[in-house]
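Input: a single structure, listed below in structure tokens.
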Amino acid sequence: MNSENVYQKLPHNHPTSTNVGDILSDLTSKSSSTSKVMNNLKLIHVDRYQSFVHEDEKKKKKKEKRRREERKLTCKQKKELKVYDIPKEAHNYVLFEPLSQLWQGYMANLLMGGNTNFQQKLIKSDFHGAPMTVIQSKNPSYVGVSGIMIQETLSVFKMITKENKLKSIPKNSCIFKIYIEHNKKDYVIYGQHMVSRPAERAVKKFKPKPTISL
């Protein structure tokens, strides 16, 4: 088998011009114009360039997301800054009486819709401003505590009493009584059914279950 040298020199009569126009003139027929062919050429975007653009956009979005997350306070930071703590100067029953009147108006609107399934509506409602009394508890010291509910967490109702004292009452171990002026009626609420955050309780589907006696 004869071996050929692939690196051999080109013949002298071979065109060595690297000009694009010269190459096109060699490739195209004599009847066609090289300038016309050049003008009809279309610019093609390389896919790799497009991918670089997308990667830059993704990086920018990640940076913006990181900045937003950095602005948010963590639960630990909120506790350290006492974001949800009610200042002592605000421990005044009279200050929260207008809130209680607003809550009574809120209940009146609910009752105007009819008494059908009112218990379900009551459980899902907002209790900020509700006049509450602890009627039964595993801890005897909580029994009889009465006031306006001014703050609710996952497992605690915080009430301001007429003696201007802030009381934290655990939901799970207490039974509460709520008075509604519109129909002059007391409603009993079992704390163990209320162990959830207000926003979660508003959309929660409650299933009938036996009540455990305290």
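Identifiers in this document derive from the order of the structure tokens: chains are assigned A, B, ..., residues are numbered from 1 separately in each chain, and ligands are numbered from 1 in order of occurrence.
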
Requested in this report: From a DSSP pass on the backbone, collect the residues of range 50-177 of chain A flagged as helix (DSSP H, G or I) and hand them back as a PyMOL selection string.
Outcome: chain A and resi 50-71+75-81+88-90+93-112+118-124+140-142

Report task. Name all residues at most 12 Å from Val83 in chain A (count only C-alpha atoms; drop same-chain ones fewer than 5 positions away) and give them as a list of chain:residue names. Result -> A:Leu73, A:Thr74, A:Cys75, A:Lys76, A:Gln77, A:Lys78

Report summary line: Between A:Leu154, A:Ile135, A:Val143, A:Ala108, smallest distance to Arg201 in chain A by only C-alpha atoms belongs to A:Leu154

Query raised in the report: In Å to one decimal, how far is CA of His91 in chain A from CA of Lys184 in chain A?
Result: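 Pair CA of Lys184 in chain A / CA of His91 in chain A returns 27.8 Å.
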